[in-house]
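The data block below is my_file23.csv; it holds CSV, C-alpha atoms.
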chain,number,residue,atom,x,y,z
A,253,ASN,CA,26.0,35.4,23.8
A,254,PHE,CA,23.9,32.6,22.4
A,255,ASP,CA,22.0,34.7,20.0
A,256,GLY,CA,22.4,33.0,16.6
A,257,GLU,CA,19.9,31.2,14.5
A,258,ILE,CA,19.2,27.5,14.6
A,259,VAL,CA,18.5,26.0,11.2
A,260,VAL,CA,16.6,22.7,10.4
A,261,THR,CA,16.3,21.3,6.9
A,262,LEU,CA,14.0,18.6,5.8
A,263,ARG,CA,15.9,16.4,3.4
A,264,ASP,CA,13.2,13.8,3.0
A,265,SER,CA,10.3,12.2,4.7
A,266,ARG,CA,7.8,9.4,4.1
A,267,GLY,CA,5.0,7.5,5.9
A,268,GLU,CA,4.5,3.8,6.3
A,269,LEU,CA,3.2,3.6,2.7
A,270,LYS,CA,4.7,5.4,-0.3
A,271,GLU,CA,3.1,5.4,-3.7
A,272,ALA,CA,5.1,5.6,-7.0
A,273,LYS,CA,4.8,5.3,-10.8
A,274,GLY,CA,1.3,6.7,-11.0
A,275,GLY,CA,-0.2,4.4,-8.4
A,276,LYS,CA,1.1,1.2,-9.9
A,277,VAL,CA,3.8,0.7,-7.2
A,278,MET,CA,3.4,0.8,-3.4
A,279,SER,CA,6.3,0.7,-0.9
A,280,TRP,CA,5.7,-0.4,2.6
A,281,LEU,CA,7.9,-0.1,5.7
A,282,PRO,CA,6.8,-2.9,8.0
A,283,GLN,CA,9.1,-1.5,10.7
A,284,PHE,CA,6.3,1.0,11.6
A,285,SER,CA,4.3,-1.9,12.9
A,286,MET,CA,7.2,-4.1,14.0
A,287,GLY,CA,8.7,-1.5,16.3
A,288,GLY,CA,11.1,-3.2,18.7
A,289,LYS,CA,9.0,-6.4,19.1
A,290,GLN,CA,10.5,-9.9,19.2
A,291,PHE,CA,8.9,-12.2,16.6
A,292,SER,CA,8.5,-15.9,16.6
A,293,LYS,CA,7.6,-18.3,13.8
A,294,GLY,CA,4.0,-17.8,12.8
A,295,ASP,CA,3.9,-14.1,13.9
A,296,GLN,CA,2.7,-11.8,11.1
A,297,VAL,CA,2.9,-8.1,10.3
A,298,LYS,CA,0.1,-6.7,8.2
A,299,SER,CA,0.3,-3.5,6.1
A,300,PRO,CA,-2.4,-0.8,6.1
A,301,VAL,CA,-4.9,-1.2,3.2
A,302,PHE,CA,-3.8,0.6,0.0
A,303,ALA,CA,-4.6,1.1,-3.6
A,304,LEU,CA,-2.8,-0.1,-6.7
A,305,GLY,CA,-3.8,1.0,-10.3
A,306,GLY,CA,-6.9,2.8,-8.9
A,307,GLN,CA,-8.1,-0.3,-7.1
A,308,SER,CA,-8.4,0.0,-3.4
A,309,GLY,CA,-8.3,-2.9,-0.9
A,310,PHE,CA,-4.8,-4.4,-1.3
A,311,THR,CA,-2.8,-5.5,1.7
A,312,LEU,CA,0.6,-7.1,2.3
A,313,VAL,CA,1.4,-9.7,5.0
A,314,VAL,CA,4.9,-10.6,6.1
A,315,TYR,CA,6.1,-13.3,8.5
A,316,PRO,CA,9.5,-12.1,9.7
A,317,LYS,CA,10.4,-15.5,11.1
A,318,GLY,CA,8.3,-17.5,8.6
A,319,ASP,CA,4.9,-19.1,8.9
A,320,CYS,CA,4.1,-22.6,9.8
A,321,LYS,CA,5.1,-23.9,6.4
A,322,SER,CA,8.3,-21.9,6.0
A,323,LYS,CA,11.7,-23.4,6.0
A,324,PRO,CA,13.9,-22.4,9.0
A,325,GLY,CA,15.5,-19.0,8.5
A,326,PHE,CA,13.1,-17.9,5.7
A,327,ILE,CA,10.6,-14.9,5.6
A,328,GLY,CA,7.1,-15.6,4.3
A,329,ALA,CA,5.4,-12.8,2.2
A,330,PHE,CA,1.9,-12.6,0.8
A,331,VAL,CA,-0.2,-10.1,-1.1
A,332,TYR,CA,-4.0,-9.9,-0.7
A,333,VAL,CA,-6.1,-8.5,-3.6
A,334,PRO,CA,-9.4,-6.6,-3.2
A,335,SER,CA,-11.5,-8.9,-5.4
A,336,VAL,CA,-11.6,-11.9,-7.7
A,337,GLY,CA,-9.5,-11.3,-10.8
A,338,GLN,CA,-6.4,-12.2,-12.8
A,339,TYR,CA,-3.5,-10.2,-11.5
A,340,HIS,CA,0.2,-9.9,-12.6
A,341,LEU,CA,2.1,-8.6,-9.6
A,342,SER,CA,5.8,-8.4,-8.5
A,343,LEU,CA,6.9,-8.4,-4.9
A,344,THR,CA,10.3,-7.3,-3.5
A,345,VAL,CA,11.4,-8.3,0.0
A,346,ALA,CA,14.9,-7.9,1.4
A,347,GLY,CA,16.2,-7.2,-2.1
A,348,LYS,CA,14.7,-10.2,-3.8
A,349,THR,CA,11.9,-9.9,-6.4
A,350,ARG,CA,9.4,-12.5,-7.3
A,351,ASP,CA,6.6,-12.4,-10.0
A,352,LEU,CA,3.0,-13.6,-9.4
A,353,SER,CA,0.7,-14.0,-12.3
A,354,ILE,CA,-2.4,-15.9,-11.3
A,355,ILE,CA,-6.2,-15.9,-11.0
A,356,PHE,CA,-7.2,-15.0,-7.4
A,357,LEU,CA,-10.5,-16.7,-6.5
A,358,ALA,CA,-13.0,-15.8,-3.8
A,359,ASP,CA,-11.7,-18.4,-1.4
A,360,ALA,CA,-8.0,-17.5,-2.1
A,361,LEU,CA,-7.6,-13.7,-2.3
A,362,GLY,CA,-4.2,-14.0,-0.7
A,363,ARG,CA,-1.3,-15.6,-2.5
A,364,GLY,CA,2.5,-15.6,-2.0
A,365,TRP,CA,5.5,-17.6,-0.7
A,366,ASN,CA,6.2,-19.3,2.6
A,367,ASP,CA,9.9,-19.2,1.7
A,368,PHE,CA,10.1,-15.9,0.0
A,369,VAL,CA,13.7,-15.1,0.9
A,370,GLU,CA,16.3,-16.0,3.6
A,371,GLU,CA,15.9,-13.8,6.7
A,372,PRO,CA,18.5,-10.9,6.5
A,373,THR,CA,20.6,-9.9,9.6
A,374,ASN,CA,18.6,-6.7,9.9
A,375,PHE,CA,15.1,-6.8,8.4
A,376,ASP,CA,14.7,-3.1,8.1
A,377,GLY,CA,14.1,-2.4,4.4
A,378,GLU,CA,11.0,-1.6,2.4
A,379,ILE,CA,8.7,-4.1,0.8
A,380,VAL,CA,7.6,-3.1,-2.7
A,381,VAL,CA,4.6,-4.4,-4.7
A,382,THR,CA,4.0,-3.6,-8.3
A,383,LEU,CA,0.8,-4.1,-10.3
A,384,ARG,CA,1.8,-5.1,-13.8
A,385,ASP,CA,-1.6,-5.9,-15.0
A,386,SER,CA,-5.1,-7.0,-13.9
A,387,ARG,CA,-8.4,-8.0,-15.3
A,388,GLY,CA,-11.8,-9.4,-14.2
A,389,GLU,CA,-13.7,-12.5,-15.4
A,390,LEU,CA,-14.9,-10.6,-18.5
A,391,LYS,CA,-12.8,-8.1,-20.5
A,392,GLU,CA,-14.2,-6.0,-23.3
A,393,ALA,CA,-12.2,-5.0,-26.4
A,394,LYS,CA,-12.6,-3.3,-29.8
A,395,GLY,CA,-15.3,-0.9,-28.8
A,396,GLY,CA,-17.6,-3.6,-27.3
A,397,LYS,CA,-17.5,-5.9,-30.3
A,398,VAL,CA,-15.2,-8.5,-28.6
A,399,MET,CA,-15.6,-10.1,-25.2
A,400,SER,CA,-13.0,-12.2,-23.5
A,401,TRP,CA,-14.1,-14.6,-20.7
A,402,LEU,CA,-11.9,-16.5,-18.3
A,403,PRO,CA,-13.9,-19.6,-17.3
A,404,GLN,CA,-11.3,-20.4,-14.6
A,405,PHE,CA,-13.1,-17.9,-12.3
A,406,SER,CA,-16.0,-20.3,-12.0
A,407,MET,CA,-14.1,-23.5,-12.5
A,408,GLY,CA,-11.7,-22.9,-9.6
A,409,GLY,CA,-10.1,-26.2,-8.6
A,410,LYS,CA,-13.2,-28.3,-9.3
A,411,GLN,CA,-13.1,-31.7,-11.0
A,412,PHE,CA,-15.3,-31.9,-14.0
A,413,SER,CA,-17.0,-34.9,-15.7
A,414,LYS,CA,-18.7,-35.3,-19.0
A,415,GLY,CA,-21.9,-33.2,-19.1
A,416,ASP,CA,-20.7,-30.6,-16.5
A,417,GLN,CA,-21.0,-27.1,-17.8
A,418,VAL,CA,-19.5,-23.7,-16.9
A,419,LYS,CA,-21.5,-20.6,-17.7
A,420,SER,CA,-20.2,-17.1,-18.2
A,421,PRO,CA,-21.8,-14.0,-16.6
A,422,VAL,CA,-24.2,-12.2,-18.9
A,423,PHE,CA,-22.5,-9.6,-21.1
A,424,ALA,CA,-23.0,-7.2,-24.0
A,425,LEU,CA,-21.7,-7.2,-27.5
A,426,GLY,CA,-22.1,-4.4,-30.0
A,427,GLY,CA,-24.4,-2.6,-27.5
A,428,GLN,CA,-26.7,-5.6,-27.1
A,429,SER,CA,-26.9,-7.0,-23.6
A,430,GLY,CA,-27.9,-10.6,-22.8
A,431,PHE,CA,-25.1,-12.8,-24.4
A,432,THR,CA,-23.7,-15.7,-22.4
A,433,LEU,CA,-21.2,-18.4,-23.2
A,434,VAL,CA,-21.3,-22.0,-22.0
A,435,VAL,CA,-18.4,-24.4,-22.1
A,436,TYR,CA,-18.3,-28.2,-21.3
A,437,PRO,CA,-14.7,-28.8,-20.2
A,438,LYS,CA,-15.1,-32.6,-20.6
A,439,GLY,CA,-17.7,-32.4,-23.4
A,440,ASP,CA,-21.4,-32.7,-23.3
A,441,CYS,CA,-23.5,-35.8,-23.9
A,442,LYS,CA,-22.9,-35.6,-27.7
A,443,SER,CA,-19.2,-34.7,-27.6
A,444,LYS,CA,-16.5,-37.1,-28.8
A,445,PRO,CA,-14.2,-38.3,-26.0
A,446,GLY,CA,-11.5,-35.8,-25.2
A,447,PHE,CA,-13.3,-32.8,-26.8
A,448,ILE,CA,-14.6,-29.6,-25.3
A,449,GLY,CA,-18.1,-28.4,-26.1
A,450,ALA,CA,-18.7,-24.6,-26.5
A,451,PHE,CA,-21.8,-22.6,-27.2
A,452,VAL,CA,-23.0,-19.0,-27.4
A,453,TYR,CA,-26.4,-17.8,-26.3
A,454,VAL,CA,-27.8,-14.6,-27.9
A,455,PRO,CA,-30.2,-12.2,-26.3
A,456,SER,CA,-33.0,-12.4,-28.9
A,457,VAL,CA,-34.1,-13.8,-32.2
A,458,GLY,CA,-32.0,-12.6,-35.1
A,459,GLN,CA,-29.3,-13.3,-37.6
A,460,TYR,CA,-25.8,-13.2,-36.1
A,461,HIS,CA,-22.4,-13.6,-37.5
A,462,LEU,CA,-20.1,-14.5,-34.6
A,463,SER,CA,-16.7,-16.1,-34.1
A,464,LEU,CA,-15.7,-18.0,-31.0
A,465,THR,CA,-12.1,-18.9,-29.9
A,466,VAL,CA,-11.5,-21.7,-27.4
A,467,ALA,CA,-8.1,-23.2,-26.5
A,468,GLY,CA,-6.5,-21.4,-29.5
A,469,LYS,CA,-9.0,-22.6,-32.1
A,470,THR,CA,-11.4,-20.2,-33.8
A,471,ARG,CA,-14.7,-21.1,-35.4
A,472,ASP,CA,-17.2,-18.9,-37.2
A,473,LEU,CA,-21.0,-19.0,-36.7
A,474,SER,CA,-23.3,-17.2,-39.1
A,475,ILE,CA,-26.8,-18.3,-38.6
A,476,ILE,CA,-30.4,-17.3,-37.7
A,477,PHE,CA,-31.1,-17.8,-34.0
A,478,LEU,CA,-34.8,-18.7,-33.4
A,479,ALA,CA,-36.9,-18.4,-30.3
A,480,ASP,CA,-36.5,-22.1,-29.4
A,481,ALA,CA,-32.8,-22.2,-30.2
A,482,LEU,CA,-31.1,-19.1,-28.8
A,483,GLY,CA,-28.0,-21.1,-28.1
A,484,ARG,CA,-25.8,-22.6,-30.8
A,485,GLY,CA,-22.3,-24.0,-30.9
A,486,TRP,CA,-20.2,-27.1,-31.2
A,487,ASN,CA,-20.2,-30.4,-29.2
A,488,ASP,CA,-16.7,-31.1,-30.5
A,489,PHE,CA,-15.3,-27.6,-30.6
A,490,VAL,CA,-11.7,-28.5,-29.9
A,491,GLU,CA,-9.6,-31.3,-28.3
A,492,GLU,CA,-9.2,-30.8,-24.6
A,493,PRO,CA,-5.8,-29.2,-23.9
A,494,THR,CA,-3.6,-30.5,-21.0
A,495,ASN,CA,-4.3,-27.3,-19.0
A,496,PHE,CA,-7.6,-25.6,-19.9
A,497,ASP,CA,-6.6,-22.2,-18.4
A,498,GLY,CA,-6.9,-19.7,-21.3
A,499,GLU,CA,-9.5,-17.2,-22.2
A,500,ILE,CA,-12.5,-17.7,-24.4
A,501,VAL,CA,-13.2,-14.9,-26.9
If you took the structure in this file and wrote it as structure tokens, what would it be?
Amino acid sequence: NFDGEIVVTLRDSRGELKEAKGGKVMSWLPQFSMGGKQFSKGDQVKSPVFALGGQSGFTLVVYPKGDCKSKPGFIGAFVYVPSVGQYHLSLTVAGKTRDLSIIFLADALGRGWNDFVEEPTNFDGEIVVTLRDSRGELKEAKGGKVMSWLPQFSMGGKQFSKGDQVKSPVFALGGQSGFTLVVYPKGDCKSKPGFIGAFVYVPSVGQYHLSLTVAGKTRDLSIIFLADALGRGWNDFVEEPTNFDGEIV
């Protein structure tokens, strides 16, 4: 008599994406999209859109047989971020982890490696991305008394000449909105050769005591800004570094 019970136990389950560590880590199983397909060089597999650290709009792209720039036998792997910003990410594919700490610009929201790792015999593991840190072009600190600006967002890969300027977005300090920063990567018309010019513009007439840090050097500015001179600073703020890629505070 076949009259006994049949028992099923769910030991574990997961979907194509699996979040961990409070939303800072996302695991993706590309096999959901790969199925039993045969892949050739240049064929890509794209993850669903997901969130990291509360920011939605991330995606992962993997080339199981490599992309057009990959060495033979290597997997290509890339991460796409939702918006312009500085991101510190780590990506793990086929047991290998690589770090990516870079500013993603509007024309390059996807970055990664053509030769991430040699293709394993069976490419059936998860791909894990971890958001270590991120920030935008401006970053407020100390209760709004300090503002950090990364001019590289606007500079991108452009070549600059003497007199060319880069201007920050408008920001607030101490509850007052309307501040801007202007930097001359190659100096302005009055700068000595090899020096960076840096200036701060205030929102209105008044006496301000400010400090400005560029390329590791800090200068103080305590002065009355008048209606016809709301921008003050230094033509020769600091000698131009080899790589001008730091923040201005």
Best match for closeness to Glu268 (chain A) among A:Val336, A:Met399, A:Ile476, A:Ile379, counting only C-alpha atoms: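 Comparing A:Val336, A:Met399, A:Ile476, A:Ile379 against Glu268 (chain A), the winner is A:Ile379.
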Distance query region 426-435 of chain A at most 6 Å, all atoms listed in the file, self and fewer than 3 positions along chain excluded, as an MDAnalysis selection string: chainID A and resid 396:397 417:420 422:423 449:455
Residue among A:Asp480, A:Phe310, A:Lys438, A:Asp472 lying closest to Ser456 (chain A), counting only C-alpha atoms: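 Of A:Asp480, A:Phe310, A:Lys438, A:Asp472, the one nearest Ser456 (chain A) is A:Asp480, counting only C-alpha atoms.
Nearest residue to Ser335 (chain A) among A:Ser353, A:Ser386, A:Thr373, A:Asn487 is A:Ser386, counting all atoms listed in the file.
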Residues within 7 Å of Val501 (chain A), only C-alpha atoms, excluding chain neighbours under 5 positions, as an MDAnalysis selection string: chainID A and resid 398:401 464:465
Distance query Gly388 (chain A) at most 12 Å, only C-alpha atoms, self and fewer than 2 positions along chain excluded, as a ChimeraX atom specification: /A:334-339,354-357,385-386,390-392,399-406,421,499
Interatomic distance (Å, one decimal) between CA of Gly318 (chain A) and CA of Asp376 (chain A):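 So the two atoms, CA of Gly318 (chain A) and CA of Asp376 (chain A), lie 15.8 Å apart.
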